[in-house]
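With CSV, C-alpha atoms inside, this is run_8.csv:
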chain,number,residue,atom,x,y,z
A,56,MET,CA,22.3,100.1,64.5
A,57,PRO,CA,24.2,103.4,64.7
A,58,HIS,CA,22.8,106.3,62.7
A,59,ALA,CA,25.9,106.6,60.4
A,60,VAL,CA,26.0,102.9,59.6
A,61,VAL,CA,22.4,103.0,58.3
A,62,GLY,CA,23.3,106.0,56.1
A,63,ILE,CA,26.5,104.3,54.8
A,64,VAL,CA,24.6,101.1,54.0
A,65,LEU,CA,22.0,103.0,52.1
A,66,VAL,CA,24.6,104.9,50.1
A,67,ALA,CA,26.6,101.8,49.4
A,68,HIS,CA,23.6,99.8,48.3
A,69,GLY,CA,22.6,102.7,46.1
A,70,LEU,CA,26.0,103.0,44.5
A,71,ILE,CA,26.1,99.2,43.8
A,72,THR,CA,22.7,99.4,42.3
A,73,THR,CA,23.7,102.4,40.2
A,74,MET,CA,26.8,100.6,38.9
A,75,ILE,CA,24.6,97.6,37.8
A,76,GLY,CA,22.4,100.1,36.0
A,77,PHE,CA,25.3,101.9,34.3
A,78,GLY,CA,26.7,98.6,33.2
A,79,SER,CA,23.4,97.5,31.7
A,80,MET,CA,22.9,100.8,29.9
A,81,SER,CA,26.4,101.3,28.6
A,82,ASN,CA,26.6,97.9,26.9
A,83,PRO,CA,23.1,96.3,26.8
A,84,SER,CA,24.0,93.6,24.3
A,85,SER,CA,27.1,92.4,26.2
A,86,ALA,CA,27.5,88.7,27.0
A,87,ALA,CA,26.3,87.5,30.3
A,88,MET,CA,28.7,86.9,33.1
A,89,PRO,CA,29.2,83.1,33.5
A,90,ALA,CA,28.1,81.6,36.8
A,91,PRO,CA,30.6,79.9,39.0
A,92,SER,CA,30.6,76.1,38.8
A,93,TRP,CA,28.9,75.7,42.2
A,94,LEU,CA,26.0,77.7,40.8
A,95,ALA,CA,25.6,75.6,37.7
A,96,TRP,CA,22.1,74.5,38.9
A,97,TRP,CA,20.8,78.0,38.2
A,98,PRO,CA,19.4,78.3,34.6
A,99,GLY,CA,19.9,82.1,34.3
A,100,THR,CA,23.0,84.2,33.8
A,101,LEU,CA,24.2,87.1,35.9
A,102,GLY,CA,23.8,90.5,34.3
A,103,ARG,CA,21.1,89.6,31.8
A,104,SER,CA,17.3,89.8,32.3
A,105,TRP,CA,15.7,86.4,32.2
A,106,ALA,CA,12.5,88.1,31.0
A,107,PHE,CA,14.0,90.2,28.2
A,108,ASP,CA,16.1,87.2,27.0
A,109,ALA,CA,13.2,84.8,27.1
A,110,LEU,CA,11.1,87.2,24.9
A,111,ASN,CA,14.1,87.9,22.6
A,112,LEU,CA,13.4,91.6,22.9
A,113,GLY,CA,17.0,92.8,22.1
A,114,SER,CA,18.9,95.7,23.5
A,115,GLY,CA,16.1,98.3,23.7
A,116,PRO,CA,14.4,96.8,26.7
A,117,ALA,CA,17.8,96.0,28.2
A,118,MET,CA,18.5,99.8,28.2
A,119,ILE,CA,15.1,100.4,29.9
A,120,GLY,CA,16.0,97.8,32.5
A,121,GLY,CA,19.3,99.5,33.0
A,122,LEU,CA,17.5,102.8,33.5
A,123,VAL,CA,15.3,101.1,36.2
A,124,TRP,CA,18.5,100.0,38.0
A,125,LEU,CA,20.1,103.4,37.6
A,126,ALA,CA,17.0,105.3,39.0
A,127,ALA,CA,16.7,102.9,41.9
A,128,GLY,CA,20.4,103.3,42.8
A,129,LEU,CA,20.3,107.1,42.6
A,130,ALA,CA,17.2,107.2,44.8
A,131,LEU,CA,18.8,104.9,47.3
A,132,ALA,CA,22.1,106.8,47.4
A,133,GLY,CA,20.1,110.0,47.8
A,134,ALA,CA,18.1,108.5,50.6
A,135,GLY,CA,21.4,107.6,52.4
A,136,LEU,CA,22.7,111.0,51.9
A,137,GLY,CA,19.5,112.5,53.3
A,138,TRP,CA,19.6,110.1,56.2
A,139,LEU,CA,23.1,111.4,56.9
A,140,GLY,CA,21.9,115.0,56.9
A,141,VAL,CA,22.9,116.3,53.5
A,142,SER,CA,20.6,119.3,53.3
A,143,ILE,CA,19.6,119.1,49.7
A,144,VAL,CA,17.9,115.7,50.2
A,145,SER,CA,17.4,115.5,54.0
A,146,ASP,CA,13.7,116.3,53.8
A,147,GLN,CA,13.1,113.8,51.0
A,148,TRP,CA,15.1,110.8,52.3
A,149,GLN,CA,12.0,108.7,53.1
A,150,THR,CA,10.4,109.2,49.8
A,151,LEU,CA,13.7,108.5,48.0
A,152,ALA,CA,14.2,105.3,50.0
A,153,LEU,CA,10.7,104.1,49.2
A,154,VAL,CA,11.0,104.9,45.5
A,155,GLY,CA,14.5,103.3,45.4
A,156,ALA,CA,13.4,100.2,47.2
A,157,VAL,CA,10.3,99.7,44.9
A,158,LEU,CA,12.3,100.3,41.7
A,159,GLY,CA,15.1,98.1,43.0
A,160,LEU,CA,12.7,95.3,43.6
A,161,ALA,CA,11.3,95.7,40.1
A,162,ALA,CA,14.8,95.5,38.7
A,163,LEU,CA,15.6,92.5,40.8
A,164,ALA,CA,12.5,90.8,39.5
A,165,LEU,CA,13.5,91.4,35.9
A,166,TYR,CA,17.2,90.4,36.5
A,167,PHE,CA,16.8,87.8,39.3
A,168,HIS,CA,19.8,85.8,40.1
A,169,PRO,CA,20.6,84.0,43.4
A,170,PHE,CA,23.5,86.5,44.0
A,171,TYR,CA,20.8,89.2,44.4
A,172,VAL,CA,19.0,87.6,47.4
A,173,ILE,CA,20.8,90.0,49.8
A,174,ALA,CA,19.7,93.0,47.7
A,175,ILE,CA,16.1,91.7,47.9
A,176,VAL,CA,16.4,91.5,51.7
A,177,ILE,CA,17.8,95.0,51.9
A,178,ASN,CA,15.1,96.5,49.7
A,179,VAL,CA,12.3,94.7,51.6
A,180,VAL,CA,13.8,96.0,54.9
A,181,ILE,CA,13.9,99.5,53.5
A,182,LEU,CA,10.4,99.3,52.1
A,183,VAL,CA,8.9,97.9,55.4
A,184,SER,CA,10.9,100.5,57.5
A,185,VAL,CA,9.9,103.5,55.5
A,186,TRP,CA,6.4,102.7,54.2
A,187,GLY,CA,4.6,103.7,57.4
A,188,ARG,CA,6.4,107.0,57.7
A,189,VAL,CA,5.8,108.0,54.1
A,190,VAL,CA,2.1,107.0,54.2
A,191,ALA,CA,1.6,108.8,57.6
A,192,ALA,CA,3.3,111.9,56.2
A,193,ARG,CA,0.8,112.2,53.3
As structure tokens, the full file:
Amino acid sequence: MPHAVVGIVLVAHGLITTMIGFGSMSNPSSAAMPAPSWLAWWPGTLGRSWAFDALNLGSGPAMIGGLVWLAAGLALAGAGLGWLGVSIVSDQWQTLALVGAVLGLAALALYFHPFYVIAIVINVVILVSVWGRVVAAR
């Protein structure tokens, strides 16, 4: 895969993750997005944490969940910019990618929905690709 494409995918994945976090933080008690009819078999709703809703924890934990999404997205976007050579983050792109992938997987576990399967795959690929480099550098 060309170098620039990897960086663009990392930045795009980070921006999408950041937008999810911003939406969760800006209106944590908003109604969930209804699932399309072909996904009626899935018991959960898009945009709400199955864990927080099941425990009736209210909007406080939803704000924390949004913060996890936001931190993951910013780290992933930073990793993409570092991969592309932006000097302020170019030396830290691997650590940012690792942190972003781990936080992203945590957010996906809290807010799992079948629409997020591609995000899980992307985060696992990032984690596997960068883990050895980060551990070897320490």
**Message:** Need to verify the contact set: A:Ala67, 12 Å, all atoms listed in the file, exclusion of same-chain residues closer than 5 positions in sequence. Can you return it as a list in words?
**Reply:** Val60, Val61, Gly62, Thr72, Thr73, Met74, Gly128, Leu129, Ala130, Leu131, Ala132, Gly133, Ala134, Gly135, Leu136, Ala174 and Ile177 of chain A
**Asked** Quick one: residues within 12 Å of A:Pro98, only C-alpha atoms counted, chain neighbours fewer than 4 positions away excluded, as a list of chain:residue names?
**Response** A:Pro89, A:Ala90, A:Leu94, A:Arg103, A:Ser104, A:Trp105, A:Ala109, A:Phe167, A:His168, A:Pro169
**Complete:** Restricting to all atoms listed in the file, whichever of A:Ala95, A:Ala156, A:Val183, A:Met80 is closest to A:Ile119 is A:Met80
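Taking atom CA of A:Asn82 and atom CA of A:Gly121 as the two end points, the separation is 9.6 Å.
Proximity ranking of A:Ala164, A:Leu125, A:Met118, A:Val157 relative to A:Asn178 places A:Val157 first, based on only C-alpha atoms.
With all atoms listed in the file as the atoms that count, the residue of A:Ser79, A:Val185, A:Gly159, A:Leu110 with the shortest distance to A:Trp138 is A:Val185.
Counting all atoms listed in the file and comparing A:Trp148, A:Trp186, A:Phe77, A:Phe107, the residue that lies closest to A:Tyr166 is A:Phe107.
Shortest separation to A:His58 among A:Ala162, A:Val172, A:Gly187, A:Gly137 occurs at residue A:Gly137, atoms counted being only C-alpha atoms.
Going from atom CA of A:Trp96 over to atom CA of A:Pro116, you cover 26.6 Å.
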**Prompt:** Between A:Ile181, A:Ala126, A:Ile175, A:Pro91, which has the minimum distance to A:Leu160 (counting all atoms listed in the file)?
**Reply:** A:Ile175
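Rounded to one decimal, atom CA of A:Ile63 and atom CA of A:Gln147 lie 16.9 Å from each other.
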